[in-house]
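This is model.cif (mmCIF, C-alpha atoms and all ligand atoms).
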```
data_target
loop_
_atom_site.label_atom_id
_atom_site.label_comp_id
_atom_site.auth_asym_id
_atom_site.auth_seq_id
_atom_site.Cartn_x
_atom_site.Cartn_y
_atom_site.Cartn_z
CA MET D 1 -93.19 30.34 32.74
CA ARG D 2 -91.94 33.01 35.08
CA ILE D 3 -92.91 33.17 38.77
CA ASP D 4 -91.97 36.15 40.90
CA VAL D 5 -92.24 35.85 44.68
CA PHE D 6 -92.45 38.96 46.84
CA THR D 7 -91.41 38.32 50.42
CA GLN D 8 -89.59 39.65 53.44
CA VAL D 9 -87.63 36.40 53.66
CA PRO D 10 -86.21 35.54 50.21
CA HIS D 11 -83.51 33.27 51.66
CA ALA D 12 -86.25 30.92 52.89
CA PHE D 13 -86.63 29.71 49.28
CA GLY D 14 -83.04 28.40 49.05
CA TRP D 15 -83.98 24.89 50.19
CA LEU D 16 -86.89 24.55 47.77
CA THR D 17 -84.89 25.63 44.74
CA GLU D 18 -82.45 22.76 45.39
CA GLN D 19 -85.22 20.12 45.45
CA GLN D 20 -86.68 18.18 42.54
CA PRO D 21 -88.75 18.76 40.56
CA LEU D 22 -88.26 22.50 41.01
CA ALA D 23 -84.47 22.35 40.61
CA GLY D 24 -84.91 20.45 37.35
CA VAL D 25 -87.14 23.04 35.68
CA LEU D 26 -85.35 26.15 36.98
CA GLY D 27 -83.59 27.95 34.18
CA GLY D 28 -85.64 25.94 31.66
CA ALA D 29 -89.42 25.74 31.83
CA LEU D 30 -89.40 27.93 34.94
CA GLU D 31 -87.75 31.23 35.73
CA LEU D 32 -88.01 32.13 39.42
CA ARG D 33 -87.29 35.59 40.79
CA LEU D 34 -87.36 36.57 44.46
CA PHE D 35 -88.06 40.13 45.52
CA ASN D 36 -87.62 41.52 49.02
CA TYR D 37 -90.11 44.28 49.90
CA ARG D 38 -87.36 45.89 51.95
CA ASP D 39 -85.19 46.51 48.87
CA THR D 40 -87.72 48.82 47.26
CA THR D 41 -89.65 50.25 50.22
CA PRO D 42 -90.20 54.00 49.97
CA LEU D 43 -90.00 54.17 53.79
CA ARG D 44 -86.92 54.75 55.90
CA ALA D 45 -84.80 52.03 57.48
CA GLY D 46 -86.36 49.23 55.45
CA GLN D 47 -89.78 49.65 57.04
CA VAL D 48 -92.50 47.61 55.29
CA ASP D 49 -95.35 47.39 57.79
CA ASP D 50 -97.23 49.54 60.25
CA ASP D 51 -99.73 49.55 63.13
CA PRO D 52 -103.31 48.60 62.23
CA TYR D 53 -105.84 51.42 62.02
CA GLY D 54 -108.48 50.88 64.67
CA GLY D 55 -105.92 49.40 67.03
CA GLY D 56 -105.10 45.82 67.90
CA PRO D 57 -102.02 43.66 67.98
CA GLY D 58 -99.58 42.95 65.16
CA MET D 59 -98.20 44.82 62.19
CA VAL D 60 -99.82 45.13 58.77
CA LEU D 61 -97.95 45.04 55.43
CA ARG D 62 -98.34 48.48 53.80
CA VAL D 63 -100.02 49.00 50.42
CA ASP D 64 -97.51 51.64 49.31
CA VAL D 65 -94.64 49.23 50.03
CA VAL D 66 -96.15 46.44 47.92
CA ASP D 67 -97.07 48.87 45.14
CA ALA D 68 -93.45 50.12 45.09
CA ALA D 69 -92.17 46.54 44.88
CA LEU D 70 -94.49 45.76 41.94
CA GLU D 71 -93.56 49.05 40.27
CA ALA D 72 -89.85 48.28 40.60
CA ALA D 73 -90.31 44.77 39.20
CA TYR D 74 -92.71 45.54 36.34
CA GLY D 75 -93.18 49.26 35.79
CA THR D 76 -96.60 49.58 34.18
CA GLU D 77 -96.58 46.06 32.61
CA ARG D 78 -97.83 44.01 35.54
CA PRO D 79 -98.47 40.26 35.17
CA GLY D 80 -101.99 39.06 34.39
CA ARG D 81 -102.14 37.13 37.68
CA ILE D 82 -100.94 38.66 40.93
CA VAL D 83 -101.78 36.34 43.81
CA ALA D 84 -102.04 37.44 47.43
CA LEU D 85 -101.45 34.44 49.72
CA THR D 86 -103.90 34.73 52.58
CA PRO D 87 -105.95 32.36 54.77
CA SER D 88 -109.11 34.16 53.58
CA GLY D 89 -108.43 33.42 49.90
CA ARG D 90 -109.81 30.85 47.46
CA PRO D 91 -108.77 27.36 48.58
CA LEU D 92 -105.91 25.94 46.53
CA GLU D 93 -106.85 22.70 44.76
CA GLN D 94 -105.45 20.82 41.77
CA GLY D 95 -107.75 22.53 39.24
CA LEU D 96 -106.47 25.92 40.34
CA VAL D 97 -102.87 24.65 40.19
CA GLU D 98 -103.40 23.52 36.56
CA GLU D 99 -104.95 26.90 35.76
CA LEU D 100 -102.00 28.80 37.25
CA ALA D 101 -99.48 26.52 35.52
CA ARG D 102 -100.88 27.65 32.15
CA GLU D 103 -100.05 31.30 32.89
CA PRO D 104 -96.93 32.72 31.24
CA GLN D 105 -96.21 34.88 34.27
CA LEU D 106 -97.32 34.85 37.89
CA ALA D 107 -96.57 37.01 40.93
CA LEU D 108 -97.00 35.61 44.46
CA LEU D 109 -97.33 38.11 47.30
CA SER D 110 -96.61 36.90 50.80
CA SER D 111 -97.06 38.70 54.07
CA ARG D 112 -96.17 38.15 57.73
CA PHE D 113 -97.48 39.16 61.16
CA GLU D 114 -101.08 40.41 60.95
CA GLY D 115 -101.18 40.17 57.15
CA PHE D 116 -101.92 42.52 54.23
CA ASP D 117 -103.47 45.96 54.21
CA GLU D 118 -106.70 44.86 52.49
CA ARG D 119 -106.09 47.27 49.60
CA ILE D 120 -103.20 45.01 48.54
CA VAL D 121 -105.71 42.19 48.06
CA ASP D 122 -108.48 44.36 46.58
CA GLU D 123 -106.52 46.73 44.34
CA LEU D 124 -103.07 45.30 43.63
CA SER D 125 -103.88 41.59 43.32
CA THR D 126 -105.99 39.66 40.84
CA ASP D 127 -106.39 36.60 43.10
CA ALA D 128 -106.32 35.71 46.78
CA ILE D 129 -105.37 32.10 47.51
CA SER D 130 -105.34 30.08 50.73
CA ILE D 131 -103.44 26.80 51.03
CA GLY D 132 -105.85 25.59 53.71
CA PRO D 133 -108.06 26.50 56.67
CA TYR D 134 -105.28 27.12 59.17
CA VAL D 135 -102.96 30.03 59.91
CA LEU D 136 -99.24 29.94 59.24
CA SER D 137 -96.81 32.59 60.40
CA GLY D 138 -95.97 33.87 56.94
CA GLY D 139 -96.72 33.53 53.25
CA GLU D 140 -93.38 31.87 52.41
CA LEU D 141 -94.55 28.29 53.00
CA PRO D 142 -97.80 28.92 51.07
CA ALA D 143 -95.75 30.43 48.21
CA MET D 144 -93.51 27.33 48.23
CA VAL D 145 -96.57 25.07 48.16
CA VAL D 146 -97.91 26.92 45.11
CA LEU D 147 -94.47 26.91 43.47
CA ASP D 148 -93.89 23.21 43.97
CA ALA D 149 -97.40 22.24 42.83
CA ILE D 150 -96.98 24.33 39.65
CA ALA D 151 -93.43 23.10 38.97
CA ARG D 152 -94.70 19.48 38.84
CA ARG D 153 -97.02 20.44 35.98
CA LEU D 154 -94.31 22.05 33.82
CA PRO D 155 -92.70 20.25 30.88
CA GLY D 156 -89.68 18.18 31.93
CA ALA D 157 -90.49 18.22 35.66
CA LEU D 158 -91.50 14.57 36.01
CA THR D 159 -90.44 11.39 34.31
CA GLU D 160 -92.65 10.42 31.38
CA GLY D 161 -96.15 9.42 32.51
CA SER D 162 -95.60 9.75 36.27
CA GLY D 163 -97.80 12.85 36.53
CA GLU D 164 -100.68 11.34 34.57
CA HIS D 165 -102.13 8.98 37.18
CA GLU D 166 -101.58 11.15 40.24
CA SER D 167 -104.24 12.02 42.77
CA PHE D 168 -106.79 14.51 41.36
CA SER D 169 -105.76 13.81 37.74
CA ALA D 170 -108.28 13.35 34.92
CA ALA D 171 -106.97 9.78 34.50
CA LEU D 172 -108.37 9.00 37.97
CA ASP D 173 -111.55 11.03 37.36
CA GLY D 174 -110.28 13.65 39.81
CA GLY D 175 -110.08 11.08 42.62
CA VAL D 176 -107.17 10.17 44.87
CA GLU D 177 -104.54 7.65 43.82
CA TYR D 178 -104.61 3.90 44.50
CA PRO D 179 -102.12 2.48 47.06
CA HIS D 180 -98.58 1.47 46.11
CA TYR D 181 -96.43 -1.37 47.48
CA THR D 182 -92.84 -2.48 46.97
CA ARG D 183 -90.52 -5.28 48.24
CA PRO D 184 -90.66 -7.21 50.49
CA ALA D 185 -93.91 -8.93 49.43
CA GLU D 186 -94.44 -10.03 53.03
CA TYR D 187 -93.22 -8.18 56.13
CA ARG D 188 -94.19 -9.16 59.70
CA GLY D 189 -97.23 -10.91 58.24
CA TRP D 190 -98.31 -7.82 56.32
CA ASP D 191 -98.88 -9.02 52.75
CA VAL D 192 -98.92 -7.12 49.51
CA PRO D 193 -102.32 -7.58 47.78
CA PRO D 194 -101.87 -10.78 45.69
CA VAL D 195 -103.26 -9.17 42.50
CA LEU D 196 -100.17 -6.94 42.31
CA LEU D 197 -97.94 -10.04 42.18
CA SER D 198 -100.13 -11.81 39.61
CA GLY D 199 -98.60 -10.31 36.46
CA ASP D 200 -102.17 -9.87 35.13
CA HIS D 201 -102.09 -6.23 34.03
CA GLY D 202 -105.80 -6.10 33.22
CA ALA D 203 -106.64 -7.28 36.74
CA ILE D 204 -104.08 -4.87 38.25
CA ASP D 205 -105.57 -1.92 36.35
CA GLN D 206 -109.06 -2.88 37.46
CA TRP D 207 -107.95 -3.27 41.10
CA ARG D 208 -106.18 0.11 41.07
CA ARG D 209 -109.20 1.86 39.55
CA GLU D 210 -111.47 0.32 42.18
CA GLN D 211 -109.08 1.28 45.02
CA SER D 212 -108.94 4.84 43.73
CA ARG D 213 -112.75 4.98 43.53
CA VAL D 214 -113.25 3.61 47.06
CA ARG D 215 -110.61 5.93 48.59
CA SER D 216 -112.09 8.96 46.81
CA ILE D 217 -115.54 8.58 48.37
CA ARG D 218 -114.33 8.03 51.93
C1 LIG L 301 -100.11 35.15 60.63
S1 LIG L 301 -100.71 35.19 59.00
C2 LIG L 301 -101.98 36.41 59.08
C3 LIG L 301 -103.29 35.83 59.52
C4 LIG L 301 -104.42 36.83 59.45
N1 LIG L 301 -104.30 37.81 60.48
C5 LIG L 301 -105.72 36.07 59.57
O1 LIG L 301 -106.20 35.90 60.67
O2 LIG L 301 -106.23 35.59 58.54
C6 LIG L 301 -99.43 36.02 58.11
C7 LIG L 301 -99.38 35.73 56.65
O3 LIG L 301 -99.11 34.36 56.43
C8 LIG L 301 -99.67 33.94 55.19
N2 LIG L 301 -100.57 32.81 55.46
C9 LIG L 301 -100.82 32.26 56.67
N3 LIG L 301 -101.66 31.22 56.57
C10 LIG L 301 -101.95 31.08 55.25
C11 LIG L 301 -102.77 30.18 54.53
N4 LIG L 301 -103.47 29.22 55.12
N5 LIG L 301 -102.82 30.33 53.18
C12 LIG L 301 -102.13 31.31 52.56
N6 LIG L 301 -101.34 32.21 53.20
C13 LIG L 301 -101.25 32.11 54.54
C14 LIG L 301 -100.37 35.15 54.60
O4 LIG L 301 -99.51 35.78 53.67
C15 LIG L 301 -100.63 35.98 55.84
O5 LIG L 301 -100.81 37.35 55.53
#
```
Turn this file's structure into structure tokens for me.
Ligand SMILES: C[S@@+](CC[C@H](N)C(=O)[O-])C[C@H]1O[C@@H](n2cnc3c(N)ncnc32)[C@H](O)[C@@H]1O
Amino acid sequence: MRIDVFTQVPHAFGWLTEQQPLAGVLGGALELRLFNYRDTTPLRAGQVDDDPYGGGPGMVLRVDVVDAALEAAYGTERPGRIVALTPSGRPLEQGLVEELAREPQLALLSSRFEGFDERIVDELSTDAISIGPYVLSGGELPAMVVLDAIARRLPGALTEGSGEHESFSAALDGGVEYPHYTRPAEYRGWDVPPVLLSGDHGAIDQWRREQSRVRSIR
């Protein structure tokens, strides 16, 4: 799979690309390219945004700038999914992550300040996605959230089986995961549930399933 991120801050992605599981799939199951709108802007002095029509505070990312960036990256062969990251988009959830992870190619558009000229969302993008009902200062963290969530689903990202019983997986009927414990078995009077120490794998499976079910309906 190839993911292209369009941003004004490409260096922000340096940390993420060094972390697992992303680092492990880069150059294999995942090719990641970072594009800076400033490198291809048709405007002078690296300008990428402008004052909002109708007045008001903040700067708006220009449609001609984003179109030029897409043109430079793809010519006329644009990817099937071009995602604008915006608080007003479709909420990101695991089903959407799985859907995106099946795409051969994906473009993520991030903005800053007041956001996108709406024609970027309406005309240049195929999807608008929000990572939650709150406002961040830029689309870089949302792009990293999407990247990391997709990377986990790619072949070779996780050790065998560890992605199968995660929260929101089919194995847990879409529910959240059961709780985990490790040594010590007792700490300050806080005990690990005895069933987990019993060695009875049938009982452990049943307990985990029940815990997942109870936590999922809270
Ligand atoms: C300060 S925000 C713009 C907020 C916009 N004026 C609004 O009220 O919806 C700047 C950029 O950060 C990104 N962003 C902020 N919060 C986001 C979220 N919850 N999901 C996805 N992208 C977000 C988007 O790319 C957005 O254009």
Can you list every residue of stretch 66-184 of chain D that has an atom at most 7 Å from stretch 200-213 of chain D, with its nearest atom pair and the distance in Å to one decimal, using all atoms listed in the file, ordered by chain then number, as a tab-separated table?
```
residue	atom	partner	partner_atom	distance
D:Gly175	CA	D:Ser212	CA	6.4
D:Val176	CA	D:Ser212	CA	5.7
D:Glu177	CA	D:Ser212	CA	5.2
D:Tyr178	CA	D:Ser212	CA	4.5
```
For stretch 104-110 of chain D, find every residue with an atom within 10 Å (counting only C-alpha atoms), except residues of its own chain fewer than 2 positions away, and show them as number ranges by chain.
D: 1-9, 30-35, 37, 61, 66, 70, 78-86, 100-102, 112, 115-116, 120-121, 124-129, 138-144, 146-147
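Distances to D:Leu96 were evaluated for D:Ser111, D:His165, D:Ile150, D:Ala69 using only C-alpha atoms, and the minimum falls at D:Ile150.
The spacing separating atom CA of D:Arg152 from atom CA of D:Pro21 amounts to 6.2 Å.
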Can you pull out the residues contacting D:Thr182? Cut-off 12 Å, using all atoms listed in the file, and skip same-chain residues under 5 positions away; I want them as number ranges by chain.
D: 187, 191-193, 196-197
Give the padded box for stretch 198-202 of chain D as AutoDock Vina command-line options: axis-aligned, covering all atoms listed in the file, 3 Å on each side, centre and edge lengths in Å to one decimal.
```
--center_x -102.2 --center_y -9.0 --center_z 36.4 --size_x 13.2 --size_y 11.7 --size_z 12.4
```
Let me make sure I understand: among D:Gly174, D:Pro10, D:Gly189, D:Pro87, which one has the smallest atom-to-atom distance to D:Arg38 if we use all atoms listed in the file?
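Ranking D:Gly174, D:Pro10, D:Gly189, D:Pro87 by distance to D:Arg38, first place goes to D:Pro10.
You can rank D:Pro42, D:Gly156, D:Gly58, D:Gly163 by their closest distance to ligand LIG 301 (chain L) using all atoms listed in the file, and at the top of that list sits D:Gly58.
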Selected residue, from D:Thr40, D:Ser130, D:Gln20, D:Gln47, that lies nearest to ligand LIG 301 (chain L) when counting all atoms listed in the file:
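For ligand LIG 301 (chain L), the nearest of the given residues is D:Ser130.
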Of the listed residues D:Glu98, D:Asp117, D:Glu123, D:Asp173, that which approaches D:Val65 most closely, counting all atoms listed in the file
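Of D:Glu98, D:Asp117, D:Glu123, D:Asp173, the one nearest D:Val65, counting all atoms listed in the file, is D:Asp117.
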Using Å and a single decimal, report how far atom CA of D:Glu77 sits from atom CA of D:Arg62.
21.4 Å
Just give me the gap between atom CA of D:Glu71 and atom CA of D:Thr41 in Å, one decimal is fine.
10.8 Å
